[in-house]
Amino acid sequence: MTRADHRADHRADHRVDHRAGTEPGVTPSPALPGRTGRTDRSPARRPARGRTSLLGRVAPPVLVVLLLLVVWQWTVTALDVRPQVLPSPLRVVEQGWAFRDVLWANTVPTLQVTGVGFAVSLAVGWVLAVVVDFSPWLRRALVPLLVASQTLPIIAIAPLMIIWFGFGLLPKVLVIALVTFFPIAVGLIEGFSRADPEASNLLRSMGGGRWAEFRYVRLPGALPSFFTALRIAITYAVTGAIFAEYVGARAGLGIYMAQQKNSFRTDLVLAAVAVAALVSVALFGLTYLVERVVAPWIRRTRS
Amino acid sequence: MTLLKITVDGVELAFGDLPVLDGVSFDVAPGEFVSILGPSGCGKSTLFGVLAGLVAPFRGRVLVDGAPAGRETFGYMPQKDLLFPWRTVLDNTTLGLEVGGMRRREARERARELFGPFGLVGFEKSRPAELSGGMRQRAALLRTVVQDREVLLLDEPFGALDSLTRTAMQEWLEDVRGRFGWTVLLITHDIREAVFLSDRVLVLSPRPAHVAREVRIDLPRPREVGVLTDPAFAAAEAELLDTLRGGTRL
């Protein structure tokens, strides 16, 4: 045996020891170094990570935002910028609060449109993904179309929707669905096909067919990527709603922004933007809540 | 032998131009433990695929008491444990029963009975990630056993375990198999494991595979670690090693 061989062997042995150490069920034996070290540390580290996560996750973005606001406030005051051009953050808050009733009255329709549009988008995304998963032929036929649908310039399509479908709910729902169904469908399609082929062999050996494979393996296995896609899509949904309203609506944050811009109320435009941002963040957070209820195992396997 | 339980008769298979199985034939008697050894990539797992009904052979038959075997004959345990993170340990073990159409509650009751002998009591509601490597393999075996198939196909069940756990698992399997009287076909790379557990060891040739040699292990059961030092054990080990070496030199 050459020296290099010897070293490689040694390393291989070491690796085996290491793996044994990560197994929680194996009773820790002090005779094996590395084993006790690992098992001792990991339970202590896990709760620590959990404790920092809540405060540790919220504090940094809040601090950064506060810092930016301070810089903004200071700049506006120091340079004496006209509020029609750039209002100070304090003025935005002040005016936003003064006009809170109007803002709220315009937030509700936006929320409604977002909700309905996103529901439609979810339904379309799921149906497409499941259909594509069951039929290779439809996969080849539909996936290029899905991609092509994303090249449609929304900025040109949205006004046409108003011309075709009027100022009601429908054109806005369509715009939101068009913007958001794609990440959902793609996330699901990829999630389904990420299933381990050996898991489908196992299912078949148990006597299960394609449907059993889908139900027991592909569907639950796709949930992590579905929730990732959901988070991307939900942020697009609010932006999509506002854009659709901006082009033409009776009420909503989008049309409100357009009106305030036209009367040079920059402060109220920004107040509406802040409300829209809050709505987006809230909906984004909601997806974690839904995930925890629907598939609590995702969080555990992720950490 | 009066009644042959399982007969594998001249099974041939190729993947495209690549012949994988070239007339594999052997028998397995009821309650027998047969191991299959062979050089890497010789088609052992493919043979299990044929037995489990996942791949249809080009030629040859798999018979149970003279009649063609169905999917219901073999309980298949793949190399990976394939425990699903979205199911609890208990619900992972009932998977086969649920796929077979059994009510969930009934399936759980059936599986729960086996948690004792499989050393998994108290882990019913755990997630697979919380189990050690050895426990994961036992859970995967439970999932296979609870389906109540006639023959268990175990594809390198202990391959990924460290040697200490592996030895413990081999002893455990020897013990529990004796108690339940399972008929087992085991794929392994570990000659010692094959000798320790088996009544017979089949050595496959390099691809395309056929049964190159059959070694009967006449050691008393139940076997314990002490058997490792038995001269007959060493002799069987040496014979198998020799056959495998001869095979790779070709």
# chains A, B, ... in the order shown; residues from 1 in each chain; ligands from 1
call {"tool": "interface_residues", "arguments": {"of": "chain B", "to": "chain A", "cutoff": "6 Å", "atoms": "only C-alpha atoms", "output": "list in words"}}
result
Ala52, Trp86, Gly96, Val99, Ser132 and Asp162 of chain B
call {"tool": "write_last_selection", "arguments": {"atoms": "N, CA and C atoms", "output": "short mmCIF file (atom, residue, chain, number, x, y, z; two decimals), in the first residue's frame"}}
result
data_model
loop_
_atom_site.label_atom_id
_atom_site.label_comp_id
_atom_site.auth_asym_id
_atom_site.auth_seq_id
_atom_site.Cartn_x
_atom_site.Cartn_y
_atom_site.Cartn_z
N ALA B 52 -39.83 -7.45 -8.92
CA ALA B 52 -40.87 -6.58 -8.35
C ALA B 52 -41.90 -6.16 -9.39
N TRP B 86 -42.87 14.38 4.53
CA TRP B 86 -44.21 14.94 4.81
C TRP B 86 -45.08 13.95 5.58
N GLY B 96 -47.62 1.43 1.91
CA GLY B 96 -47.97 0.31 1.03
C GLY B 96 -49.40 -0.15 1.23
N VAL B 99 -51.73 2.51 -0.28
CA VAL B 99 -51.74 2.41 -1.74
C VAL B 99 -52.56 1.19 -2.15
N SER B 132 -32.29 7.90 13.46
CA SER B 132 -30.91 7.57 13.09
C SER B 132 -30.93 6.71 11.82
N ASP B 162 -22.92 3.00 8.97
CA ASP B 162 -21.55 2.81 9.45
C ASP B 162 -21.42 1.38 9.96
#
call {"tool": "select_by_dssp", "arguments": {"residues": "range 82-208 of chain B", "states": "strand (DSSP E)", "output": "list in words"}}
result
Val151, Leu152, Leu153, Leu154, Asp155, Thr183, Val184, Leu185, Leu186, Ile187, Arg200, Val201, Leu202, Val203 and Leu204 of chain B
call {"tool": "residues_around", "arguments": {"residues": "Thr243 in chain B", "least_positions_apart": "3", "cutoff": "8 Å", "atoms": "only C-alpha atoms", "output": "list in words"}}
result
Val203, Arg213, Glu239, Leu240, Gly246 and Gly247 of chain B
call {"tool": "write_last_selection", "arguments": {"atoms": "all heavy atoms", "output": "mmCIF file, in the first residue's frame"}}
result
data_model
loop_
_atom_site.group_PDB
_atom_site.id
_atom_site.type_symbol
_atom_site.label_atom_id
_atom_site.label_comp_id
_atom_site.auth_asym_id
_atom_site.auth_seq_id
_atom_site.Cartn_x
_atom_site.Cartn_y
_atom_site.Cartn_z
ATOM 1 N N VAL B 203 -23.754 -16.095 -6.457
ATOM 2 C CA VAL B 203 -22.797 -15.126 -6.983
ATOM 3 C C VAL B 203 -23.121 -14.908 -8.448
ATOM 4 O O VAL B 203 -23.169 -15.844 -9.238
ATOM 5 C CB VAL B 203 -21.354 -15.625 -6.821
ATOM 6 C CG1 VAL B 203 -20.372 -14.581 -7.344
ATOM 7 C CG2 VAL B 203 -21.061 -15.947 -5.368
ATOM 8 N N ARG B 213 -22.289 -19.010 -9.449
ATOM 9 C CA ARG B 213 -21.960 -19.969 -8.405
ATOM 10 C C ARG B 213 -22.993 -19.881 -7.295
ATOM 11 O O ARG B 213 -23.571 -18.832 -7.050
ATOM 12 C CB ARG B 213 -20.595 -19.627 -7.846
ATOM 13 C CG ARG B 213 -20.149 -20.587 -6.786
ATOM 14 C CD ARG B 213 -18.664 -20.657 -6.804
ATOM 15 N NE ARG B 213 -18.221 -21.843 -6.125
ATOM 16 C CZ ARG B 213 -16.987 -22.279 -6.208
ATOM 17 N NH1 ARG B 213 -16.120 -21.646 -6.967
ATOM 18 N NH2 ARG B 213 -16.619 -23.345 -5.552
ATOM 19 N N GLU B 239 -14.402 -18.869 -0.011
ATOM 20 C CA GLU B 239 -14.883 -19.400 -1.278
ATOM 21 C C GLU B 239 -15.577 -18.312 -2.102
ATOM 22 O O GLU B 239 -15.341 -18.170 -3.305
ATOM 23 C CB GLU B 239 -15.844 -20.565 -1.001
ATOM 24 C CG GLU B 239 -16.237 -21.319 -2.261
ATOM 25 C CD GLU B 239 -17.208 -22.445 -1.985
ATOM 26 O OE1 GLU B 239 -17.445 -22.770 -0.792
ATOM 27 O OE2 GLU B 239 -17.748 -22.997 -2.959
ATOM 28 N N LEU B 240 -16.391 -17.510 -1.403
ATOM 29 C CA LEU B 240 -17.119 -16.438 -2.097
ATOM 30 C C LEU B 240 -16.166 -15.371 -2.620
ATOM 31 O O LEU B 240 -16.286 -14.901 -3.751
ATOM 32 C CB LEU B 240 -18.153 -15.818 -1.153
ATOM 33 C CG LEU B 240 -19.357 -16.702 -0.855
ATOM 34 C CD1 LEU B 240 -20.150 -16.145 0.314
ATOM 35 C CD2 LEU B 240 -20.237 -16.824 -2.093
ATOM 36 N N GLY B 246 -12.261 -14.001 -9.016
ATOM 37 C CA GLY B 246 -12.121 -14.657 -10.325
ATOM 38 C C GLY B 246 -12.967 -13.943 -11.350
ATOM 39 O O GLY B 246 -12.545 -13.713 -12.485
ATOM 40 N N GLY B 247 -14.160 -13.535 -10.919
ATOM 41 C CA GLY B 247 -15.085 -12.864 -11.826
ATOM 42 C C GLY B 247 -14.542 -11.532 -12.303
ATOM 43 O O GLY B 247 -14.589 -11.219 -13.489
#
call {"tool": "residues_around", "arguments": {"residues": "Met102 in chain B", "least_positions_apart": "6", "cutoff": "12 Å", "atoms": "only C-alpha atoms", "output": "PyMOL selection string"}}
result
chain B and resi 94-96+108-111+146-147
call {"tool": "write_last_selection", "arguments": {"atoms": "C-alpha atoms", "output": "compact mmCIF listing (two decimals), in the first residue's frame"}}
result
# COMPACT_ATOMS: atom_id res chain seq x y z
CA THR B 94 -48.48 2.38 6.24
CA LEU B 95 -47.82 3.71 2.74
CA GLY B 96 -47.97 0.31 1.03
CA ARG B 108 -52.01 2.23 11.21
CA GLU B 109 -53.16 -0.48 13.61
CA ARG B 110 -51.44 -3.14 11.56
CA ALA B 111 -48.19 -1.23 11.28
CA VAL B 146 -46.31 -4.90 6.77
CA GLN B 147 -47.54 -5.39 3.21
call {"tool": "atom_distance", "arguments": {"atom1": "CA of Leu54 in chain A", "atom2": "CA of Arg231 in chain A"}}
result
18.9 Å
call {"tool": "residues_around", "arguments": {"residues": "range 99-114 of chain A", "least_positions_apart": "4", "cutoff": "9 Å", "atoms": "only C-alpha atoms", "output": "list in words"}}
result
Glu94, Gln95, Phe118, Ala119, Leu169, Leu170, Lys172, Val173, Ile176, Ile234, Ala237, Val238, Gly240, Ala241, Ile242, Glu245, Ala251, Gly252, Leu253, Gly254, Ile255, Tyr256, Leu268, Ala271, Ala272, Val275, Ala276 and Val279 of chain A
